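K.L.:
My file is model_10.cif. It has mmCIF, C-alpha atoms:
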```cif
data_start
#
loop_
_atom_site.group_PDB
_atom_site.id
_atom_site.type_symbol
_atom_site.label_atom_id
_atom_site.label_comp_id
_atom_site.auth_asym_id
_atom_site.auth_seq_id
_atom_site.Cartn_x
_atom_site.Cartn_y
_atom_site.Cartn_z
ATOM 1 C CA MET F 1 0.000 0.000 0.000
ATOM 2 C CA ALA F 2 1.346 3.422 -0.959
ATOM 3 C CA VAL F 3 2.069 5.794 1.903
ATOM 4 C CA VAL F 4 0.453 9.157 1.215
ATOM 5 C CA PHE F 5 0.881 10.795 4.613
ATOM 6 C CA LYS F 6 3.425 10.234 7.363
ATOM 7 C CA ARG F 7 5.345 12.015 10.075
ATOM 8 C CA PRO F 8 8.265 14.019 8.648
ATOM 9 C CA HIS F 9 11.621 12.550 9.577
ATOM 10 C CA ALA F 10 12.764 15.951 10.862
ATOM 11 C CA LEU F 11 9.935 15.859 13.439
ATOM 12 C CA THR F 12 10.508 13.641 16.469
ATOM 13 C CA ASN F 13 7.927 11.040 17.440
ATOM 14 C CA VAL F 14 7.022 12.466 20.845
ATOM 15 C CA PRO F 15 3.895 14.145 22.263
ATOM 16 C CA THR F 16 4.088 17.933 22.423
ATOM 17 C CA HIS F 17 3.252 19.977 25.501
ATOM 18 C CA TYR F 18 1.055 22.533 23.726
ATOM 19 C CA CYS F 19 -2.519 23.331 24.764
ATOM 20 C CA PRO F 20 -5.425 21.781 22.822
ATOM 21 C CA GLY F 21 -6.131 23.842 19.718
ATOM 22 C CA CYS F 22 -2.741 25.560 19.703
ATOM 23 C CA THR F 23 -1.331 25.703 16.188
ATOM 24 C CA HIS F 24 2.343 25.415 17.168
ATOM 25 C CA GLY F 25 2.133 21.742 16.238
ATOM 26 C CA ILE F 26 1.038 22.565 12.694
ATOM 27 C CA ILE F 27 3.882 25.055 12.300
ATOM 28 C CA HIS F 28 6.410 22.543 13.638
ATOM 29 C CA ARG F 29 5.262 20.056 11.036
ATOM 30 C CA LEU F 30 5.581 22.558 8.204
ATOM 31 C CA VAL F 31 9.153 23.389 9.221
ATOM 32 C CA ALA F 32 10.001 19.682 9.417
ATOM 33 C CA GLU F 33 8.402 18.932 6.040
ATOM 34 C CA ALA F 34 10.397 21.726 4.411
ATOM 35 C CA LEU F 35 13.650 20.389 5.881
ATOM 36 C CA ASP F 36 12.805 16.874 4.658
ATOM 37 C CA GLU F 37 11.867 17.934 1.145
ATOM 38 C CA LEU F 38 15.000 20.046 0.759
ATOM 39 C CA ASP F 39 17.185 17.343 2.366
ATOM 40 C CA LEU F 40 18.552 19.849 4.874
ATOM 41 C CA GLU F 41 18.008 18.067 8.182
ATOM 42 C CA GLY F 42 21.588 16.794 8.485
ATOM 43 C CA ARG F 43 23.096 20.274 8.387
ATOM 44 C CA THR F 44 20.377 22.252 10.141
ATOM 45 C CA VAL F 45 20.675 23.965 13.515
ATOM 46 C CA GLY F 46 17.519 25.274 15.175
ATOM 47 C CA ILE F 47 17.413 27.878 17.931
ATOM 48 C CA ALA F 48 14.697 27.367 20.563
ATOM 49 C CA PRO F 49 13.251 30.432 22.298
ATOM 50 C CA VAL F 50 11.881 31.342 25.684
ATOM 51 C CA GLY F 51 8.101 31.073 25.555
ATOM 52 C CA CYS F 52 5.590 28.412 24.623
ATOM 53 C CA ALA F 53 8.079 26.814 22.220
ATOM 54 C CA VAL F 54 10.832 26.714 24.839
ATOM 55 C CA MET F 55 11.047 22.920 24.465
ATOM 56 C CA ALA F 56 11.185 22.931 20.666
ATOM 57 C CA TYR F 57 14.532 21.157 21.009
ATOM 58 C CA ASP F 58 12.528 18.010 21.850
ATOM 59 C CA TYR F 59 10.473 18.179 18.669
ATOM 60 C CA PHE F 60 12.985 18.567 15.826
ATOM 61 C CA ASN F 61 15.423 15.882 14.680
ATOM 62 C CA CYS F 62 18.175 18.389 13.962
ATOM 63 C CA ASP F 63 20.747 19.990 16.225
ATOM 64 C CA MET F 64 19.084 22.500 18.552
ATOM 65 C CA ILE F 65 20.362 25.258 20.836
ATOM 66 C CA GLU F 66 18.397 26.933 23.637
ATOM 67 C CA ALA F 67 18.596 30.737 23.587
ATOM 68 C CA PRO F 68 18.093 33.289 26.367
ATOM 69 C CA HIS F 69 14.919 35.343 26.027
ATOM 70 C CA GLY F 70 14.991 37.306 22.766
ATOM 71 C CA ARG F 71 18.563 36.404 21.843
ATOM 72 C CA ALA F 72 17.856 33.701 19.254
ATOM 73 C CA PRO F 73 18.870 35.846 16.222
ATOM 74 C CA ALA F 74 22.183 36.701 17.908
ATOM 75 C CA ILE F 75 22.918 33.024 18.576
ATOM 76 C CA ALA F 76 21.808 32.108 15.057
ATOM 77 C CA THR F 77 24.214 34.722 13.702
ATOM 78 C CA GLY F 78 27.087 33.181 15.632
ATOM 79 C CA VAL F 79 26.266 29.671 14.445
ATOM 80 C CA LYS F 80 25.902 30.693 10.804
ATOM 81 C CA ARG F 81 29.127 32.684 10.755
ATOM 82 C CA SER F 82 31.000 29.856 12.481
ATOM 83 C CA VAL F 83 29.575 27.145 10.226
ATOM 84 C CA PRO F 84 28.592 28.903 6.973
ATOM 85 C CA ASP F 85 27.389 25.689 5.310
ATOM 86 C CA SER F 86 24.813 25.066 8.032
ATOM 87 C CA ILE F 87 21.121 25.920 7.711
ATOM 88 C CA VAL F 88 20.097 27.945 10.746
ATOM 89 C CA PHE F 89 16.593 28.838 11.862
ATOM 90 C CA THR F 90 15.095 30.414 14.945
ATOM 91 C CA TYR F 91 11.584 29.642 16.151
ATOM 92 C CA GLN F 92 10.182 32.554 18.166
ATOM 93 C CA GLY F 93 6.937 33.929 19.531
ATOM 94 C CA ASP F 94 5.835 37.558 19.544
ATOM 95 C CA GLY F 95 6.979 38.217 23.108
ATOM 96 C CA ASP F 96 10.390 36.700 22.455
ATOM 97 C CA LEU F 97 10.961 38.325 19.060
ATOM 98 C CA ALA F 98 9.044 41.592 19.094
ATOM 99 C CA ALA F 99 9.620 42.647 22.719
ATOM 100 C CA ILE F 100 12.901 41.732 24.411
ATOM 101 C CA GLY F 101 14.326 40.510 21.104
ATOM 102 C CA THR F 102 13.437 43.469 18.907
ATOM 103 C CA ALA F 103 16.985 44.787 18.608
ATOM 104 C CA GLU F 104 18.454 41.372 17.751
ATOM 105 C CA THR F 105 15.809 40.842 15.069
ATOM 106 C CA VAL F 106 16.104 44.267 13.462
ATOM 107 C CA HIS F 107 19.886 44.304 13.365
ATOM 108 C CA ALA F 108 20.159 40.727 12.068
ATOM 109 C CA ALA F 109 17.888 41.780 9.209
ATOM 110 C CA ALA F 110 19.785 45.037 8.653
ATOM 111 C CA ARG F 111 23.063 43.119 8.429
ATOM 112 C CA GLY F 112 21.524 40.644 6.006
ATOM 113 C CA GLU F 113 22.451 37.649 8.161
ATOM 114 C CA ASN F 114 21.869 34.470 6.161
ATOM 115 C CA ILE F 115 19.424 32.931 8.647
ATOM 116 C CA THR F 116 15.719 32.089 8.695
ATOM 117 C CA ILE F 117 13.314 33.173 11.420
ATOM 118 C CA ILE F 118 9.977 31.464 12.015
ATOM 119 C CA PHE F 119 7.965 34.084 13.899
ATOM 120 C CA VAL F 120 4.762 32.867 15.580
ATOM 121 C CA ASN F 121 2.310 35.695 16.257
ATOM 122 C CA ASN F 122 -0.720 34.989 18.443
ATOM 123 C CA ALA F 123 -0.954 38.547 19.786
ATOM 124 C CA ILE F 124 -0.448 37.556 23.414
ATOM 125 C CA TYR F 125 2.115 36.209 25.877
ATOM 126 C CA GLY F 126 1.190 32.528 26.041
ATOM 127 C CA MET F 127 3.477 30.690 28.456
ATOM 128 C CA THR F 128 3.467 33.316 31.203
ATOM 129 C CA GLY F 129 -0.297 33.688 31.523
ATOM 130 C CA GLY F 130 -1.737 35.863 28.792
ATOM 131 C CA GLN F 131 -0.257 39.312 29.243
ATOM 132 C CA MET F 132 -0.371 42.033 26.593
ATOM 133 C CA ALA F 133 2.298 41.530 23.929
ATOM 134 C CA PRO F 134 3.847 43.941 21.410
ATOM 135 C CA THR F 135 1.464 42.459 18.840
ATOM 136 C CA THR F 136 -1.693 42.625 20.971
ATOM 137 C CA LEU F 137 -4.422 44.356 18.982
ATOM 138 C CA PRO F 138 -5.923 47.736 19.924
ATOM 139 C CA ASN F 139 -8.696 47.189 22.486
ATOM 140 C CA GLN F 140 -7.780 43.498 22.861
ATOM 141 C CA VAL F 141 -8.377 42.228 26.401
ATOM 142 C CA THR F 142 -5.473 40.472 28.123
ATOM 143 C CA GLN F 143 -4.417 39.823 31.720
ATOM 144 C CA THR F 144 -2.542 43.124 31.779
ATOM 145 C CA SER F 145 -5.040 45.061 29.652
ATOM 146 C CA PRO F 146 -8.359 43.994 31.237
ATOM 147 C CA PHE F 147 -10.187 46.928 29.633
ATOM 148 C CA GLY F 148 -8.507 46.388 26.265
ATOM 149 C CA ARG F 149 -5.220 47.685 24.904
ATOM 150 C CA ASP F 150 -5.280 51.459 25.196
ATOM 151 C CA ILE F 151 -3.135 52.791 22.363
ATOM 152 C CA SER F 152 -2.884 56.179 24.070
ATOM 153 C CA GLN F 153 -0.942 54.476 26.857
ATOM 154 C CA ALA F 154 0.515 51.303 25.340
ATOM 155 C CA GLY F 155 1.033 52.499 21.777
ATOM 156 C CA PHE F 156 0.221 50.612 18.601
ATOM 157 C CA PRO F 157 1.033 46.964 17.860
ATOM 158 C CA ILE F 158 4.306 46.290 16.061
ATOM 159 C CA LYS F 159 3.897 45.044 12.499
ATOM 160 C CA VAL F 160 7.076 43.041 12.089
ATOM 161 C CA CYS F 161 6.836 42.165 8.389
ATOM 162 C CA GLU F 162 6.102 45.723 7.357
ATOM 163 C CA MET F 163 9.025 46.995 9.424
ATOM 164 C CA LEU F 164 11.641 44.443 8.346
ATOM 165 C CA SER F 165 10.719 44.662 4.669
ATOM 166 C CA THR F 166 12.067 48.232 4.642
ATOM 167 C CA LEU F 167 15.578 47.059 5.553
ATOM 168 C CA GLU F 168 18.022 46.512 2.703
ATOM 169 C CA GLY F 169 19.489 43.406 4.322
ATOM 170 C CA SER F 170 16.226 41.450 4.318
ATOM 171 C CA SER F 171 15.627 39.099 1.396
ATOM 172 C CA TYR F 172 12.298 37.352 1.911
ATOM 173 C CA ILE F 173 9.631 38.529 4.337
ATOM 174 C CA ALA F 174 6.159 36.970 4.341
ATOM 175 C CA ARG F 175 3.146 36.705 6.622
ATOM 176 C CA VAL F 176 1.055 33.538 6.525
ATOM 177 C CA SER F 177 -1.573 31.786 8.642
ATOM 178 C CA VAL F 178 -2.479 28.218 9.586
ATOM 179 C CA ASP F 179 -6.213 28.632 10.174
ATOM 180 C CA CYS F 180 -7.406 26.517 7.233
ATOM 181 C CA VAL F 181 -6.085 23.978 4.732
ATOM 182 C CA ARG F 182 -5.515 26.558 2.002
ATOM 183 C CA ASN F 183 -3.533 28.835 4.284
ATOM 184 C CA VAL F 184 -1.556 25.916 5.719
ATOM 185 C CA ASN F 185 -0.461 25.018 2.191
ATOM 186 C CA ILE F 186 0.546 28.628 1.499
ATOM 187 C CA ALA F 187 2.472 28.716 4.771
ATOM 188 C CA LYS F 188 4.319 25.532 3.832
ATOM 189 C CA LYS F 189 5.445 27.037 0.506
ATOM 190 C CA ALA F 190 6.643 30.222 2.214
ATOM 191 C CA ILE F 191 8.665 28.357 4.853
ATOM 192 C CA LYS F 192 10.203 26.117 2.209
ATOM 193 C CA LYS F 193 11.119 29.116 0.063
ATOM 194 C CA ALA F 194 12.774 30.817 3.031
ATOM 195 C CA PHE F 195 15.023 27.795 3.550
ATOM 196 C CA GLU F 196 15.769 27.640 -0.181
ATOM 197 C CA ILE F 197 16.839 31.286 -0.203
ATOM 198 C CA GLN F 198 19.075 30.698 2.804
ATOM 199 C CA SER F 199 20.643 27.646 1.169
ATOM 200 C CA GLN F 200 21.470 29.872 -1.816
ATOM 201 C CA GLY F 201 23.225 32.343 0.481
ATOM 202 C CA ARG F 202 20.863 35.182 -0.368
ATOM 203 C CA GLY F 203 20.369 36.690 3.086
ATOM 204 C CA PHE F 204 17.876 37.211 5.868
ATOM 205 C CA THR F 205 14.447 35.561 5.661
ATOM 206 C CA LEU F 206 11.509 35.736 8.067
ATOM 207 C CA ILE F 207 8.135 34.020 7.943
ATOM 208 C CA GLU F 208 5.505 35.397 10.306
ATOM 209 C CA VAL F 209 2.800 32.842 11.076
ATOM 210 C CA LEU F 210 -0.493 34.025 12.571
ATOM 211 C CA SER F 211 -1.370 31.466 15.223
ATOM 212 C CA THR F 212 -4.063 30.781 17.817
ATOM 213 C CA CYS F 213 -3.956 30.768 21.616
ATOM 214 C CA PRO F 214 -7.343 29.369 22.744
ATOM 215 C CA THR F 215 -6.282 29.151 26.384
ATOM 216 C CA ASN F 216 -5.291 32.782 26.840
ATOM 217 C CA TRP F 217 -7.857 34.135 24.397
ATOM 218 C CA GLY F 218 -10.489 32.368 26.516
ATOM 219 C CA VAL F 219 -12.239 30.662 23.592
ATOM 220 C CA SER F 220 -12.609 27.124 22.245
ATOM 221 C CA PRO F 221 -10.105 25.796 19.686
ATOM 222 C CA LYS F 222 -12.756 26.078 16.961
ATOM 223 C CA ASP F 223 -13.714 29.617 17.931
ATOM 224 C CA ALA F 224 -10.038 30.574 18.130
ATOM 225 C CA LEU F 225 -9.613 29.878 14.417
ATOM 226 C CA GLN F 226 -12.532 32.169 13.637
ATOM 227 C CA TRP F 227 -11.214 34.826 16.023
ATOM 228 C CA LEU F 228 -7.925 34.751 14.131
ATOM 229 C CA ARG F 229 -9.749 35.254 10.816
ATOM 230 C CA ASP F 230 -11.978 38.010 12.159
ATOM 231 C CA ASN F 231 -9.348 39.947 14.087
ATOM 232 C CA LEU F 232 -5.713 39.076 13.396
ATOM 233 C CA ILE F 233 -5.805 38.774 9.614
ATOM 234 C CA PRO F 234 -7.513 42.153 9.032
ATOM 235 C CA TYR F 235 -4.921 43.888 11.213
ATOM 236 C CA TYR F 236 -1.975 41.805 10.004
ATOM 237 C CA PRO F 237 -2.669 41.243 6.276
ATOM 238 C CA LEU F 238 -1.275 38.046 4.783
ATOM 239 C CA GLY F 239 1.142 38.150 1.883
ATOM 240 C CA VAL F 240 4.728 38.490 0.718
ATOM 241 C CA TYR F 241 6.190 41.782 1.878
ATOM 242 C CA LYS F 242 9.600 41.437 0.254
ATOM 243 C CA ASP F 243 11.126 38.928 -2.149
ATOM 244 C CA VAL F 244 14.516 39.593 -3.704
ATOM 245 C CA THR F 245 14.095 36.588 -6.000
ATOM 246 C CA GLU F 246 11.302 38.308 -7.903
ATOM 247 C CA VAL F 247 12.725 40.176 -10.891
ATOM 248 C CA LYS F 248 10.916 43.420 -11.526
ATOM 249 C CA LYS F 249 9.667 44.077 -15.015
ATOM 250 C CA GLU F 250 11.578 47.316 -15.305
ATOM 251 C CA GLU F 251 14.805 45.399 -14.630
ATOM 252 C CA LEU F 252 14.122 43.320 -17.732
ATOM 253 C CA CYS F 253 13.593 46.321 -19.999
ATOM 254 C CA ASP F 254 16.292 46.910 -22.572
ATOM 255 C CA GLY F 255 15.562 50.620 -22.388
#
```
Write the structure described by the file as structure tokens, please.

P.N.:
Amino acid sequence: MAVVFKRPHALTNVPTHYCPGCTHGIIHRLVAEALDELDLEGRTVGIAPVGCAVMAYDYFNCDMIEAPHGRAPAIATGVKRSVPDSIVFTYQGDGDLAAIGTAETVHAAARGENITIIFVNNAIYGMTGGQMAPTTLPNQVTQTSPFGRDISQAGFPIKVCEMLSTLEGSSYIARVSVDCVRNVNIAKKAIKKAFEIQSQGRGFTLIEVLSTCPTNWGVSPKDALQWLRDNLIPYYPLGVYKDVTEVKKEELCDG
């Protein structure tokens, strides 16, 4: 009998610790599938964050390093420069990347470091109890914004893709979602392309994945998917924000 669906080799055969309905598991699988299909597992180094994915080192069959809070891009930079032939990715949430790790992320992109960042955005601090994050939406209720995020006090959410796409060192910046089959397939292609670009030595790549947090959003797993569609996607539009592999028409003109 032909096998049409199986666990990726780059994904370990162990139960994950994530809450029911959390989409970290889907994202893990997409990363692992991309590594398998590109035959990169044997030379890949992943950087695990502080946050819900703190134990990602248990879930990937490649070498993994644990990073202090927010410092994953700095560690990834060191690994890539030390072992240029390696494929290096970080896996970070919005609190890890867009709060304490903002400087590391921005400057890694500005320098054009040849690494890939998988950025999981669920608009809330998950592991520590549901506090307001840099990506929390205006008026969104969290443990530390019980009356909703007040932009007059807390400012506006940080739109990471829009910001990083303005930097000359970034090569491929895309925002995807995993709320339905179609979007999961699009996310898979984006993650795979990011690894391909890195393997070609073409610079910094980041894939932002809109994700759910049913536990801290206080909704069911099913309702969390709809909440993502109704709230996160309108504020954080999906799409490719920068792609250096796309040749512009005017560049092809003979003049």

K.L.:
If I take CA of Ser145 in chain F and CA of Cys22 in chain F, how far is one from the other in Å, to one decimal?

P.N.:
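Taking CA of Ser145 in chain F and CA of Cys22 in chain F, their separation equals 22.0 Å.
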
K.L.:
Per residue of range 72-113 of chain F within 7 Å of range 168-173 of chain F, record the nearest atom pair and its distance in Å to one decimal, counting all atoms listed in the file, with rows in chain order and ascending residue number, as a tab-separated table.

P.N.:
```
residue	atom	partner	partner_atom	distance
F:Ala109	CA	F:Ser170	CA	5.2
F:Ala110	CA	F:Gly169	CA	4.6
F:Arg111	CA	F:Gly169	CA	5.5
F:Gly112	CA	F:Gly169	CA	3.8
```

K.L.:
For a cut-off of 9 Å around (22.5, 39.9, 11.9), file coordinates, pick out all residues using only C-alpha atoms and list them as a list in words.

P.N.:
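Using only C-alpha atoms, the matching residues come out as Pro73, Ala74, Ala76, Thr77, Gly78, Glu104, Thr105, Val106, His107, Ala108, Ala109, Ala110, Arg111, Gly112, Glu113, Asn114, Ile115, Gly169 and Phe204 of chain F.
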
K.L.:
From the set F:Gly70, F:Gly21, F:Gly51, F:Gly239, which residue has the shortest atom-to-atom contact distance to Ala103 in chain F, counting all atoms listed in the file?

P.N.:
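With all atoms listed in the file as the atom set, the closest residue is F:Gly70.
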
K.L.:
Between F:Thr12, F:Thr102, F:Gln198, F:Thr128, single out the one closest to Thr44 in chain F, counting all atoms listed in the file.

P.N.:
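Counting all atoms listed in the file, the residue closest to Thr44 in chain F is F:Gln198.
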
K.L.:
Let me know the residues the PyMOL selection byres ((chain F and resi 217) around 10) catches in the file above, as a PyMOL selection string.

P.N.:
chain F and resi 122-124+126+130+140-143+212-216+218-221+223-224+227

K.L.:
Run the PyMOL selection byres ((chain F and resi 137) around 7) on the file and write out the hits as an MDAnalysis selection string.

P.N.:
chainID F and resid 123 135:136 138:140 149 157

K.L.:
Output C-alpha atoms for every residue in the selection just made, as an mmCIF file, in the coordinates of the input.

P.N.:
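Saved to part22.cif:
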```cif
data_model
loop_
_atom_site.group_PDB
_atom_site.id
_atom_site.type_symbol
_atom_site.label_atom_id
_atom_site.label_comp_id
_atom_site.auth_asym_id
_atom_site.auth_seq_id
_atom_site.Cartn_x
_atom_site.Cartn_y
_atom_site.Cartn_z
ATOM 1 C CA ALA F 123 -0.954 38.547 19.786
ATOM 2 C CA THR F 135 1.464 42.459 18.840
ATOM 3 C CA THR F 136 -1.693 42.625 20.971
ATOM 4 C CA PRO F 138 -5.923 47.736 19.924
ATOM 5 C CA ASN F 139 -8.696 47.189 22.486
ATOM 6 C CA GLN F 140 -7.780 43.498 22.861
ATOM 7 C CA ARG F 149 -5.220 47.685 24.904
ATOM 8 C CA PRO F 157 1.033 46.964 17.860
#
```

K.L.:
So which residues touch Met55 in chain F within 12 Å, counting all atoms listed in the file, skipping near sequence neighbours fewer than 4 positions away, as a PyMOL selection string?

P.N.:
chain F and resi 14-18+24+28+46-51+59-60+64-67+91-92+127
